[in-house]
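Chemist: Quick one: the structure is below, questions incoming.
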Amino acid sequence: MRVVKVTIDRPGCISCESCWTLCPDVFEQDPNDDLSSITEQYRVEGNTAEGNVPDDLADCALEAADSCPVTVIFVEE
Ligand code: SF4
């Protein structure tokens with residue numbers, strides 16, 4: 001299965017809620033710092049800022065990236 005790499009420059013996140021509202025399979029709010037993080041199942045080695053996401057979630061990850069007002073989500077296909 002093809003995967004896409006999703007990264008979040010977490011320190012730049014302003015917790016606007018857009019990404020985890022649009023794409024909750026990939027993004028969630030970290031209860032520790034309120035910033036966006038990758039959902040647990042897709043984290044790379046537990047890293048909340050980096051994920052390998054299945055291809056069928058690429059579109060919503062891209063939509064979330066486009067919606068981010070501070071442009072801190074990156075999707076590499
Ligand atoms: S869309 Fe951007 S600013 Fe908003 S919660 Fe997600 S990462 Fe943070």
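Just remember, in the structure tokens the first chain shown is A, the second B, etc., residues are 1-based per chain, and ligands are 1-based in the order shown.
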Which neighbours of A:Ala61 fall inside 10 Å, counting only C-alpha atoms, when residues of the same chain fewer than 3 positions from it are skipped, and could you give them as a JSON list (two decimals) with C-alpha atoms, in the first residue's frame?
Modeler:
```
[["chain", "number", "residue", "atom", "x", "y", "z"],
["A", 4, "VAL", "CA", 2.09, 9.63, 2.07],
["A", 5, "LYS", "CA", 4.31, 11.42, 4.53],
["A", 6, "VAL", "CA", 2.63, 14.07, 6.66],
["A", 19, "CYS", "CA", -7.03, 20.10, 10.56],
["A", 20, "TRP", "CA", -8.49, 17.75, 13.12],
["A", 22, "LEU", "CA", -11.48, 18.22, 8.51],
["A", 23, "CYS", "CA", -9.37, 15.09, 8.83],
["A", 24, "PRO", "CA", -9.72, 13.48, 12.27],
["A", 25, "ASP", "CA", -8.28, 10.18, 11.06],
["A", 26, "VAL", "CA", -4.89, 11.85, 10.63],
["A", 27, "PHE", "CA", -4.85, 14.82, 13.02],
["A", 53, "VAL", "CA", -0.59, 7.88, 6.22],
["A", 55, "ASP", "CA", -3.07, 6.69, 0.38],
["A", 56, "ASP", "CA", -6.82, 6.82, 0.88],
["A", 57, "LEU", "CA", -6.36, 9.52, 3.52],
["A", 58, "ALA", "CA", -4.09, 11.65, 1.32],
["A", 64, "ALA", "CA", -6.27, 19.98, 6.03],
["A", 65, "ALA", "CA", -2.89, 21.29, 4.89],
["A", 66, "ASP", "CA", -4.60, 23.74, 2.52],
["A", 67, "SER", "CA", -6.87, 24.91, 5.32],
["A", 73, "ILE", "CA", 1.23, 21.02, 7.61],
["A", 74, "PHE", "CA", 3.22, 19.40, 4.82],
["A", 75, "VAL", "CA", 2.08, 16.42, 2.74]]
```
Chemist: Collect all residues with atoms no farther than 7 Å from ligand 1, counting only C-alpha atoms and all ligand atoms, and output them as a CSV table (one decimal) with C-alpha atoms, in the first residue's frame.
Modeler:
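Writing done, so here's result09.csv:
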```csv
chain,number,residue,atom,x,y,z
A,8,ILE,CA,3.5,19.2,11.2
A,10,ARG,CA,4.1,21.8,15.6
A,13,CYS,CA,0.4,25.6,15.3
A,14,ILE,CA,-2.1,28.0,16.7
A,15,SER,CA,-4.7,25.4,17.6
A,16,CYS,CA,-7.3,26.7,15.1
A,17,GLU,CA,-8.9,23.3,15.0
A,18,SER,CA,-9.2,23.1,11.3
A,19,CYS,CA,-7.0,20.1,10.6
A,20,TRP,CA,-8.5,17.7,13.1
A,35,LEU,CA,-1.3,21.6,19.4
A,36,SER,CA,-2.0,19.5,16.4
A,64,ALA,CA,-6.3,20.0,6.0
A,65,ALA,CA,-2.9,21.3,4.9
A,67,SER,CA,-6.9,24.9,5.3
A,68,CYS,CA,-4.1,25.6,7.8
A,69,PRO,CA,-3.9,29.4,8.3
A,70,VAL,CA,-0.3,29.3,9.3
A,71,THR,CA,0.8,26.7,6.7
A,72,VAL,CA,2.5,24.3,9.1
A,73,ILE,CA,1.2,21.0,7.6
```
Chemist: How many Å separate atom CA of A:Ser37 from atom CA of A:Arg2?
Modeler: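 Computing it gives 21.4 Å between the two atoms.
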Chemist: Which of chain A counts as strand (DSSP E or B) under DSSP, as a list in words please?
Modeler: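 Those in chain A that DSSP calls strand (DSSP E or B) are Val3, Val4, Lys5, Val6, Thr7, Ile8, Phe27, Glu28, Gln29, Ser36, Ser37, Ile38, Arg43, Val44, Asn47, Thr48, Ala49, Glu50, Gly51, Asn52, Val53, Pro54, Ile73, Phe74, Val75 and Glu76 of chain A.
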Chemist: Keeping N, CA and C atoms, export the residues of the selection given above as an mmCIF file, in the first residue's frame.
Modeler:
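Output below, filename result28.cif:
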```
data_model
loop_
_atom_site.group_PDB
_atom_site.id
_atom_site.type_symbol
_atom_site.label_atom_id
_atom_site.label_comp_id
_atom_site.auth_asym_id
_atom_site.auth_seq_id
_atom_site.Cartn_x
_atom_site.Cartn_y
_atom_site.Cartn_z
ATOM 1 N N VAL A 3 1.935 4.978 0.834
ATOM 2 C CA VAL A 3 1.706 5.888 1.955
ATOM 3 C C VAL A 3 2.192 7.277 1.577
ATOM 4 N N VAL A 4 1.622 8.264 2.232
ATOM 5 C CA VAL A 4 2.093 9.633 2.065
ATOM 6 C C VAL A 4 2.658 10.091 3.410
ATOM 7 N N LYS A 5 3.672 10.915 3.325
ATOM 8 C CA LYS A 5 4.306 11.419 4.534
ATOM 9 C C LYS A 5 3.665 12.757 4.918
ATOM 10 N N VAL A 6 3.247 12.840 6.161
ATOM 11 C CA VAL A 6 2.629 14.074 6.662
ATOM 12 C C VAL A 6 3.478 14.581 7.820
ATOM 13 N N THR A 7 3.862 15.826 7.762
ATOM 14 C CA THR A 7 4.603 16.417 8.876
ATOM 15 C C THR A 7 3.906 17.695 9.339
ATOM 16 N N ILE A 8 4.025 17.950 10.624
ATOM 17 C CA ILE A 8 3.463 19.169 11.210
ATOM 18 C C ILE A 8 4.602 19.912 11.897
ATOM 19 N N PHE A 27 -5.274 13.768 12.085
ATOM 20 C CA PHE A 27 -4.851 14.817 13.024
ATOM 21 C C PHE A 27 -5.704 14.779 14.291
ATOM 22 N N GLU A 28 -5.066 15.114 15.386
ATOM 23 C CA GLU A 28 -5.804 15.249 16.641
ATOM 24 C C GLU A 28 -5.124 16.333 17.480
ATOM 25 N N GLN A 29 -5.878 16.791 18.487
ATOM 26 C CA GLN A 29 -5.299 17.794 19.391
ATOM 27 C C GLN A 29 -4.552 17.070 20.502
ATOM 28 N N SER A 36 -1.700 20.595 17.298
ATOM 29 C CA SER A 36 -2.037 19.497 16.403
ATOM 30 C C SER A 36 -0.954 18.419 16.456
ATOM 31 N N SER A 37 -1.407 17.172 16.418
ATOM 32 C CA SER A 37 -0.449 16.069 16.307
ATOM 33 C C SER A 37 -1.025 15.016 15.380
ATOM 34 N N ILE A 38 -0.143 14.149 14.899
ATOM 35 C CA ILE A 38 -0.568 13.002 14.094
ATOM 36 C C ILE A 38 -1.267 12.006 15.026
ATOM 37 N N ARG A 43 1.708 7.592 13.553
ATOM 38 C CA ARG A 43 2.972 8.243 13.913
ATOM 39 C C ARG A 43 4.175 7.389 13.505
ATOM 40 N N VAL A 44 5.237 8.079 13.112
ATOM 41 C CA VAL A 44 6.493 7.400 12.812
ATOM 42 C C VAL A 44 7.308 7.355 14.098
ATOM 43 N N ASN A 47 6.489 9.697 16.937
ATOM 44 C CA ASN A 47 6.681 11.140 16.771
ATOM 45 C C ASN A 47 5.341 11.815 16.442
ATOM 46 N N THR A 48 4.903 12.723 17.289
ATOM 47 C CA THR A 48 3.611 13.378 17.072
ATOM 48 C C THR A 48 3.640 14.344 15.888
ATOM 49 N N ALA A 49 4.814 14.668 15.391
ATOM 50 C CA ALA A 49 4.934 15.631 14.299
ATOM 51 C C ALA A 49 5.111 14.974 12.937
ATOM 52 N N GLU A 50 5.211 13.644 12.902
ATOM 53 C CA GLU A 50 5.523 12.970 11.639
ATOM 54 C C GLU A 50 4.689 11.725 11.500
ATOM 55 N N GLY A 51 4.064 11.567 10.322
ATOM 56 C CA GLY A 51 3.229 10.394 10.116
ATOM 57 C C GLY A 51 3.384 9.796 8.740
ATOM 58 N N ASN A 52 3.156 8.491 8.655
ATOM 59 C CA ASN A 52 3.000 7.806 7.380
ATOM 60 C C ASN A 52 1.534 7.394 7.282
ATOM 61 N N VAL A 53 0.869 7.962 6.301
ATOM 62 C CA VAL A 53 -0.585 7.875 6.220
ATOM 63 C C VAL A 53 -0.980 7.104 4.965
ATOM 64 N N PRO A 54 -1.953 6.198 5.061
ATOM 65 C CA PRO A 54 -2.347 5.443 3.869
ATOM 66 C C PRO A 54 -2.905 6.367 2.780
ATOM 67 N N ILE A 73 1.431 22.433 7.949
ATOM 68 C CA ILE A 73 1.227 21.023 7.610
ATOM 69 C C ILE A 73 1.797 20.776 6.217
ATOM 70 N N PHE A 74 2.595 19.722 6.102
ATOM 71 C CA PHE A 74 3.224 19.396 4.818
ATOM 72 C C PHE A 74 2.886 17.951 4.466
ATOM 73 N N VAL A 75 2.443 17.756 3.223
ATOM 74 C CA VAL A 75 2.077 16.425 2.743
ATOM 75 C C VAL A 75 2.956 16.118 1.532
ATOM 76 N N GLU A 76 3.691 15.011 1.623
ATOM 77 C CA GLU A 76 4.565 14.614 0.515
ATOM 78 C C GLU A 76 4.008 13.345 -0.110
#
```
Chemist: If DSSP is run on the backbone, what residues of stretch 4-77 of chain A are alpha helix (DSSP H)? A reply as a list in words would be ideal.
Modeler: Ser18, Cys19, Trp20, Thr21, Leu22, Ala58, Asp59, Cys60, Ala61, Leu62, Glu63, Ala64, Ala65, Asp66 and Ser67 of chain A
Chemist: Could those residues be written to a file, using C-alpha atoms, as a CSV table (one decimal), in the first residue's frame?
Modeler:
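Wrote selection.csv, looks like this:
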```csv
chain,number,residue,atom,x,y,z
A,18,SER,CA,-9.2,23.1,11.3
A,19,CYS,CA,-7.0,20.1,10.6
A,20,TRP,CA,-8.5,17.7,13.1
A,21,THR,CA,-12.0,18.9,12.2
A,22,LEU,CA,-11.5,18.2,8.5
A,58,ALA,CA,-4.1,11.6,1.3
A,59,ASP,CA,-6.9,13.8,0.1
A,60,CYS,CA,-8.2,14.8,3.5
A,61,ALA,CA,-4.6,15.4,4.7
A,62,LEU,CA,-4.1,17.7,1.7
A,63,GLU,CA,-7.4,19.5,2.4
A,64,ALA,CA,-6.3,20.0,6.0
A,65,ALA,CA,-2.9,21.3,4.9
A,66,ASP,CA,-4.6,23.7,2.5
A,67,SER,CA,-6.9,24.9,5.3
```
